[in-house]
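Asker: Coordinates in model_25.pdb, PDB, C-alpha atoms, are listed below.
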```pdb
ATOM      1  CA  MET I   1      19.340  -1.729  -5.420  1.00  0.00           C
ATOM      2  CA  SER I   2      18.516  -3.529  -2.191  1.00  0.00           C
ATOM      3  CA  ARG I   3      16.392  -6.671  -2.053  1.00  0.00           C
ATOM      4  CA  GLY I   4      13.574  -4.831  -0.332  1.00  0.00           C
ATOM      5  CA  ARG I   5      13.403  -2.037  -2.851  1.00  0.00           C
ATOM      6  CA  GLY I   6      13.729  -4.483  -5.755  1.00  0.00           C
ATOM      7  CA  GLY I   7      10.928  -6.664  -4.418  1.00  0.00           C
ATOM      8  CA  LEU I   8       8.721  -3.646  -3.853  1.00  0.00           C
ATOM      9  CA  LEU I   9       9.313  -2.403  -7.394  1.00  0.00           C
ATOM     10  CA  GLU I  10       8.882  -5.846  -8.950  1.00  0.00           C
ATOM     11  CA  GLY I  11       5.640  -6.363  -7.041  1.00  0.00           C
ATOM     12  CA  ALA I  12       4.273  -3.006  -8.163  1.00  0.00           C
ATOM     13  CA  VAL I  13       5.067  -3.749 -11.815  1.00  0.00           C
ATOM     14  CA  THR I  14       3.554  -7.239 -11.595  1.00  0.00           C
ATOM     15  CA  PHE I  15       0.436  -5.875  -9.903  1.00  0.00           C
ATOM     16  CA  THR I  16       0.069  -3.172 -12.578  1.00  0.00           C
ATOM     17  CA  ALA I  17       0.442  -5.697 -15.415  1.00  0.00           C
ATOM     18  CA  GLY I  18      -2.165  -7.939 -13.786  1.00  0.00           C
ATOM     19  CA  LEU I  19      -4.512  -5.000 -13.346  1.00  0.00           C
ATOM     20  CA  ALA I  20      -4.148  -4.118 -17.028  1.00  0.00           C
ATOM     21  CA  LEU I  21      -4.959  -7.698 -18.024  1.00  0.00           C
ATOM     22  CA  TRP I  22      -7.945  -7.817 -15.714  1.00  0.00           C
ATOM     23  CA  LEU I  23      -9.344  -4.526 -16.982  1.00  0.00           C
ATOM     24  CA  PHE I  24      -8.603  -4.685 -20.697  1.00  0.00           C
ATOM     25  CA  ALA I  25      -8.216  -8.319 -21.789  1.00  0.00           C
ATOM     26  CA  GLY I  26     -11.768  -9.503 -21.204  1.00  0.00           C
ATOM     27  CA  ASP I  27     -12.595  -9.658 -24.924  1.00  0.00           C
ATOM     28  CA  VAL I  28      -9.400 -11.432 -25.957  1.00  0.00           C
ATOM     29  CA  GLU I  29      -9.912 -15.151 -26.493  1.00  0.00           C
ATOM     30  CA  VAL I  30      -7.043 -17.540 -25.839  1.00  0.00           C
ATOM     31  CA  PRO I  31      -8.012 -21.230 -26.052  1.00  0.00           C
ATOM     32  CA  TRP I  32      -6.179 -22.549 -22.984  1.00  0.00           C
ATOM     33  CA  VAL I  33      -6.387 -19.673 -20.483  1.00  0.00           C
ATOM     34  CA  THR I  34      -8.692 -16.851 -19.423  1.00  0.00           C
ATOM     35  CA  LEU I  35      -6.661 -13.649 -19.388  1.00  0.00           C
ATOM     36  CA  THR I  36      -8.829 -11.943 -16.788  1.00  0.00           C
ATOM     37  CA  LYS I  37      -8.139 -14.813 -14.359  1.00  0.00           C
ATOM     38  CA  VAL I  38      -4.431 -14.597 -15.142  1.00  0.00           C
ATOM     39  CA  GLY I  39      -4.672 -10.886 -14.334  1.00  0.00           C
ATOM     40  CA  VAL I  40      -6.209 -11.612 -10.938  1.00  0.00           C
ATOM     41  CA  VAL I  41      -3.473 -14.144 -10.142  1.00  0.00           C
ATOM     42  CA  MET I  42      -0.796 -11.658 -11.208  1.00  0.00           C
ATOM     43  CA  MET I  43      -2.342  -8.985  -8.984  1.00  0.00           C
ATOM     44  CA  CYS I  44      -2.253 -11.364  -6.004  1.00  0.00           C
ATOM     45  CA  VAL I  45       1.359 -12.356  -6.673  1.00  0.00           C
ATOM     46  CA  GLY I  46       2.365  -8.726  -7.224  1.00  0.00           C
ATOM     47  CA  ALA I  47       0.722  -7.636  -3.996  1.00  0.00           C
ATOM     48  CA  ALA I  48       2.506 -10.421  -2.100  1.00  0.00           C
ATOM     49  CA  GLN I  49       5.841  -9.411  -3.632  1.00  0.00           C
ATOM     50  CA  ALA I  50       5.258  -5.764  -2.770  1.00  0.00           C
ATOM     51  CA  VAL I  51       4.356  -6.597   0.826  1.00  0.00           C
ATOM     52  CA  ALA I  52       7.425  -8.830   1.174  1.00  0.00           C
ATOM     53  CA  GLY I  53       9.632  -6.105  -0.289  1.00  0.00           C
ATOM     54  CA  ALA I  54       8.161  -3.479   2.015  1.00  0.00           C
ATOM     55  CA  TRP I  55       8.665  -5.800   5.001  1.00  0.00           C
ATOM     56  CA  ARG I  56      12.307  -6.426   4.035  1.00  0.00           C
ATOM     57  CA  ARG I  57      12.868  -2.702   3.639  1.00  0.00           C
ATOM     58  CA  ALA I  58      11.310  -1.915   7.008  1.00  0.00           C
ATOM     59  CA  HIS I  59      13.261  -4.626   8.845  1.00  0.00           C
ATOM     60  CA  ARG I  60      16.631  -4.446   7.118  1.00  0.00           C
ATOM     61  CA  GLY I  61      18.320  -2.936  10.159  1.00  0.00           C
ATOM     62  CA  ALA I  62      16.864  -5.387  12.656  1.00  0.00           C
TER      63      ALA I  62
END
```
Produce structure tokens that represent the structure in this file.
Answerer:
Amino acid sequence: MSRGRGGLLEGAVTFTAGLALWLFAGDVEVPWVTLTKVGVVMMCVGAAQAVAGAWRRAHRGA
């Protein structure tokens, strides 16, 4: 698997996990962290990974 495809896939999985936390973990109480905020951060990181992977895939021949 190429770096671009791997980054795209990893970003999509990270974004999906963050979305699940943001949507469904609002009622879960953890003393040191808010899971909905962790979900938002994971969505941002996943989107950045996916964009970087897509960019690498598009520019691999250049």
Asker: Which protein, DNA or RNA residues are at most 12 Å from (8.0, -6.1, 3.1) in the file's coordinates when you count only C-alpha atoms, listed as a list of chain:residue names?
Answerer: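 Looking at atoms near the point gives I:Arg3, I:Gly4, I:Arg5, I:Gly6, I:Gly7, I:Leu8, I:Leu9, I:Gly11, I:Ala47, I:Ala48, I:Gln49, I:Ala50, I:Val51, I:Ala52, I:Gly53, I:Ala54, I:Trp55, I:Arg56, I:Arg57, I:Ala58, I:His59, I:Arg60.
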Asker: Using the chain letters and residue numbers of this document, give as a ChimeraX atom specification the residues selected by the PyMOL selection byres ((chain I and resi 17-26) around 7).
Answerer: /I:13-16,27-28,35-36,39-40,42-43
Asker: Calculate, to one decimal in Å, the centre and edge lengths of the box along x, y and z of the file that holds all listed atoms of region 8-23 of chain I with 8 Å of margin on each side, and present them as JSON.
Answerer:
```
{"center_x": 0.0, "center_y": -5.2, "center_z": -10.9, "size_x": 34.7, "size_y": 21.5, "size_z": 30.2}
```
Asker: Restore N, CA and C atoms in region 25-36 of chain I and list the result as a PDB file, in the coordinates of the input.
Answerer:
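And here is the file that came out, out_5.pdb:
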```
ATOM      1  N   ALA I  25      -8.348  -7.111 -20.985  1.00  0.00           N
ATOM      2  CA  ALA I  25      -8.216  -8.319 -21.789  1.00  0.00           C
ATOM      3  C   ALA I  25      -9.440  -9.222 -21.715  1.00  0.00           C
ATOM      4  N   GLY I  26     -10.565  -8.686 -21.325  1.00  0.00           N
ATOM      5  CA  GLY I  26     -11.768  -9.503 -21.204  1.00  0.00           C
ATOM      6  C   GLY I  26     -12.293 -10.008 -22.533  1.00  0.00           C
ATOM      7  N   ASP I  27     -12.082  -9.264 -23.613  1.00  0.00           N
ATOM      8  CA  ASP I  27     -12.595  -9.658 -24.924  1.00  0.00           C
ATOM      9  C   ASP I  27     -11.612 -10.489 -25.734  1.00  0.00           C
ATOM     10  N   VAL I  28     -10.408 -10.654 -25.249  1.00  0.00           N
ATOM     11  CA  VAL I  28      -9.400 -11.432 -25.957  1.00  0.00           C
ATOM     12  C   VAL I  28      -9.604 -12.908 -25.641  1.00  0.00           C
ATOM     13  N   GLU I  29      -9.689 -13.720 -26.691  1.00  0.00           N
ATOM     14  CA  GLU I  29      -9.912 -15.151 -26.493  1.00  0.00           C
ATOM     15  C   GLU I  29      -8.627 -15.923 -26.754  1.00  0.00           C
ATOM     16  N   VAL I  30      -8.179 -16.631 -25.734  1.00  0.00           N
ATOM     17  CA  VAL I  30      -7.043 -17.540 -25.839  1.00  0.00           C
ATOM     18  C   VAL I  30      -7.587 -18.909 -25.465  1.00  0.00           C
ATOM     19  N   PRO I  31      -7.340 -19.942 -26.273  1.00  0.00           N
ATOM     20  CA  PRO I  31      -8.012 -21.230 -26.052  1.00  0.00           C
ATOM     21  C   PRO I  31      -7.716 -21.903 -24.713  1.00  0.00           C
ATOM     22  N   TRP I  32      -6.542 -21.760 -24.155  1.00  0.00           N
ATOM     23  CA  TRP I  32      -6.179 -22.549 -22.984  1.00  0.00           C
ATOM     24  C   TRP I  32      -6.174 -21.776 -21.672  1.00  0.00           C
ATOM     25  N   VAL I  33      -6.437 -20.454 -21.715  1.00  0.00           N
ATOM     26  CA  VAL I  33      -6.387 -19.673 -20.483  1.00  0.00           C
ATOM     27  C   VAL I  33      -7.337 -18.482 -20.592  1.00  0.00           C
ATOM     28  N   THR I  34      -7.871 -18.057 -19.481  1.00  0.00           N
ATOM     29  CA  THR I  34      -8.692 -16.851 -19.423  1.00  0.00           C
ATOM     30  C   THR I  34      -7.816 -15.721 -18.906  1.00  0.00           C
ATOM     31  N   LEU I  35      -7.610 -14.703 -19.738  1.00  0.00           N
ATOM     32  CA  LEU I  35      -6.661 -13.649 -19.388  1.00  0.00           C
ATOM     33  C   LEU I  35      -7.099 -12.827 -18.187  1.00  0.00           C
ATOM     34  N   THR I  36      -8.396 -12.693 -17.966  1.00  0.00           N
ATOM     35  CA  THR I  36      -8.829 -11.943 -16.788  1.00  0.00           C
ATOM     36  C   THR I  36      -8.462 -12.695 -15.504  1.00  0.00           C
TER      37      THR I  36
END
```
